[in-house]
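> So that we are looking at the same thing, I have put the structure below in structure tokens.
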Amino acid sequence: MDTSPHKSDFVKVNDICLHYLDWGGNGPVLLFLTGMGASAHIYDKFAPRFTDKFHVIALTRRGHGDSDYPETGYDVDTLTEDVKQFMDALNIDKAILVGHSIAKLELCHFAALHPERLLKLVFLDAAYDDTAPVLKIMIEKNPLGNIPIPGVDDDHYSIDEYVASMKRCYPFAAAAWDEVMDEEILHEVKKSPEGKIVERMSGIIAKAFHHTRNNYAPEFSKIQAPVLSIYVIAGSEYYLSPDYMTEEQKASVLEFYNIIRPPLHRELIEQFRCSVPHAKIVEIPNGHHNCFIKHEELVFDEMRKFLLP
């Protein structure tokens with residue numbers, strides 16, 4: 001049940017309807033953008049904590065949540081134009097943009113194209129260059145892609161069954177599941193004509209997003225606004241399954257996250273540090289990618305210190 005104290009509304013921009021949540025508040029606009037697959041509801045608990053000093057809004061990008069699902073428009077230029085036109089429609093002259101994960105697409109490109117409309121930028125485990133060779137190596141060496149997940153393709157006919165399967169198949173998801181996720185999942189899935197619970201985002205749209213992410217080199221060096229970049233140093237235990245992994249598979253996951261991944265991840269962080277020398281960088285040891293949920297207090301405190309004079 002959605003109990004977050006927001007206004008839920010839609011706005012027509014760029015020939016589509018985008019959904020957004022508005023928690024109100026007085027002060028500069030703090031505009032939250034979501035990670036891959038998530039809707040504005042992912043911020044239901046976190047975002048309203050800032051309404052004492054900011055006007056807080058979260059936008060659901062095209063192809064996500066309750067927004068429209070057009071066949072096209074998943075390139076970085078169109079996604080960024082959606083944000084600009086959304087701000088125009090709500091008469092937002094300047095804003096602080098906060099983005100999780102794949103939202104680095106809009107954050108970086110917006111910063112390059114419209115620096116005059118940015119007050120500050122906050123990357124929530126987002127400031128990565130997916131075109132960097134070291135990231136591709138990191139993906140190739142991750143053993144999770146080679147570990148079969150029993151039941152991952154099973155059909156489900158209720159939300160409860162679907163969620164239980166998600167938690168069982170993906171321990172990473174289970175580790176950060178809370179009441180916010182119970183609401184969020186309702187905006188990520190739908191019932192098919194056959195009564196199955198299926199993702200709202202089609203495979204074609206998901207493929208388009210992955211193509212954009214994998215081929216966009218973030219324009220880090222063009223960022224002029226003050227920046228906070230929070231990096232998660234992944235905790236290996238979030239990826240271990242007691243249900244279907246063998247001891248050998250568990251050992252390979254632990255080796256990857258504890259030995260192989262850290263130096264590769266460090267290269268990516270240093271790449272950003274060199275490109276944006278004025279950025280404030282915060283690292284969360286043994287962290288979870290959904291840091292604003294799993295490590296809410298830490299992320300909240302760091303953002304407050306950065307955002308307030």
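To be explicit about the labels: the chains of the structure tokens are called A, B, and onward in the order shown, and within each one the residues are counted from 1, while ligands get numbers from 1 in the order they are shown.
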List as a ChimeraX atom specification the protein and nucleic acid residues near A:Ile233, meaning an atom at most 10 Å away when only C-alpha atoms are counted, but skip any in the same chain fewer than 4 places from it.
/A:125,257-258,261-262,265-266,283-289
> Could you write those residues out with C-alpha atoms, as an mmCIF file, in the first residue's frame?

```
data_model
loop_
_atom_site.group_PDB
_atom_site.id
_atom_site.type_symbol
_atom_site.label_atom_id
_atom_site.label_comp_id
_atom_site.auth_asym_id
_atom_site.auth_seq_id
_atom_site.Cartn_x
_atom_site.Cartn_y
_atom_site.Cartn_z
ATOM 1 C CA ASP A 125 26.517 4.323 -7.491
ATOM 2 C CA TYR A 257 33.897 -9.901 -5.262
ATOM 3 C CA ASN A 258 36.703 -10.036 -2.702
ATOM 4 C CA ARG A 261 36.637 -7.127 -8.741
ATOM 5 C CA PRO A 262 38.105 -4.595 -6.253
ATOM 6 C CA HIS A 265 36.441 -1.242 -9.659
ATOM 7 C CA ARG A 266 39.166 1.011 -8.260
ATOM 8 C CA GLU A 283 32.777 5.037 -0.806
ATOM 9 C CA ILE A 284 30.538 2.548 1.016
ATOM 10 C CA PRO A 285 32.517 -0.560 2.013
ATOM 11 C CA ASN A 286 30.707 -3.894 1.862
ATOM 12 C CA GLY A 287 27.824 -2.051 0.229
ATOM 13 C CA HIS A 288 24.696 -2.748 -1.767
ATOM 14 C CA HIS A 289 23.980 -1.165 -5.152
#
```
> May I have the residues within 9 Å of A:Leu307 as number ranges by chain, using only C-alpha atoms and disregarding those fewer than 4 positions away in the same chain?
A: 96, 120, 228, 302-303
> Those same residues, written as a PDB file, in the first residue's frame with N, CA and C atoms?

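And here is the file that came out, out-v2.pdb:
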```pdb
ATOM      1  N   ILE A  96      18.752  20.449  -8.690  1.00  0.00           N
ATOM      2  CA  ILE A  96      19.779  19.495  -8.275  1.00  0.00           C
ATOM      3  C   ILE A  96      19.313  18.144  -8.790  1.00  0.00           C
ATOM      4  N   LYS A 120      23.482  21.305  -8.686  1.00  0.00           N
ATOM      5  CA  LYS A 120      24.440  20.294  -8.233  1.00  0.00           C
ATOM      6  C   LYS A 120      24.046  18.948  -8.832  1.00  0.00           C
ATOM      7  N   LEU A 228      28.632  15.217  -6.058  1.00  0.00           N
ATOM      8  CA  LEU A 228      28.840  14.172  -5.058  1.00  0.00           C
ATOM      9  C   LEU A 228      28.648  12.841  -5.758  1.00  0.00           C
ATOM     10  N   GLU A 302      25.414  11.907   3.977  1.00  0.00           N
ATOM     11  CA  GLU A 302      26.387  12.434   3.012  1.00  0.00           C
ATOM     12  C   GLU A 302      25.727  13.430   2.062  1.00  0.00           C
ATOM     13  N   MET A 303      24.518  13.150   1.650  1.00  0.00           N
ATOM     14  CA  MET A 303      23.827  14.080   0.766  1.00  0.00           C
ATOM     15  C   MET A 303      23.515  15.389   1.483  1.00  0.00           C
TER      16      MET A 303
END
```
> Work out how far apart atom CA of A:Val163 and atom CA of A:Gly99 are and give it in Å to one decimal.
25.1 Å
> As a CSV table (one decimal) with C-alpha atoms, in the first residue's frame, please: every residue in stretch 127-301 of chain A that a backbone DSSP assignment puts in strand (DSSP E or B).

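Saved file selection10.csv follows:
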```csv
chain,number,residue,atom,x,y,z
A,189,VAL,CA,4.9,-5.6,-13.4
A,190,LYS,CA,1.4,-6.2,-14.8
A,191,LYS,CA,-0.9,-9.1,-15.5
A,197,ILE,CA,2.6,-11.6,-13.7
A,198,VAL,CA,5.1,-10.1,-16.3
A,199,GLU,CA,7.4,-7.1,-16.5
A,227,VAL,CA,29.3,16.9,-7.7
A,228,LEU,CA,28.8,14.2,-5.1
A,229,SER,CA,29.5,10.7,-6.3
A,230,ILE,CA,28.7,7.8,-3.9
A,231,TYR,CA,30.4,4.5,-4.9
A,232,VAL,CA,29.4,1.1,-3.5
A,233,ILE,CA,32.2,-1.3,-2.8
A,234,ALA,CA,30.1,-4.4,-3.4
A,280,LYS,CA,33.4,14.8,-3.7
A,281,ILE,CA,33.7,11.0,-3.7
A,282,VAL,CA,32.3,8.8,-0.9
A,283,GLU,CA,32.8,5.0,-0.8
A,284,ILE,CA,30.5,2.5,1.0
A,285,PRO,CA,32.5,-0.6,2.0
A,286,ASN,CA,30.7,-3.9,1.9
A,287,GLY,CA,27.8,-2.1,0.2
```
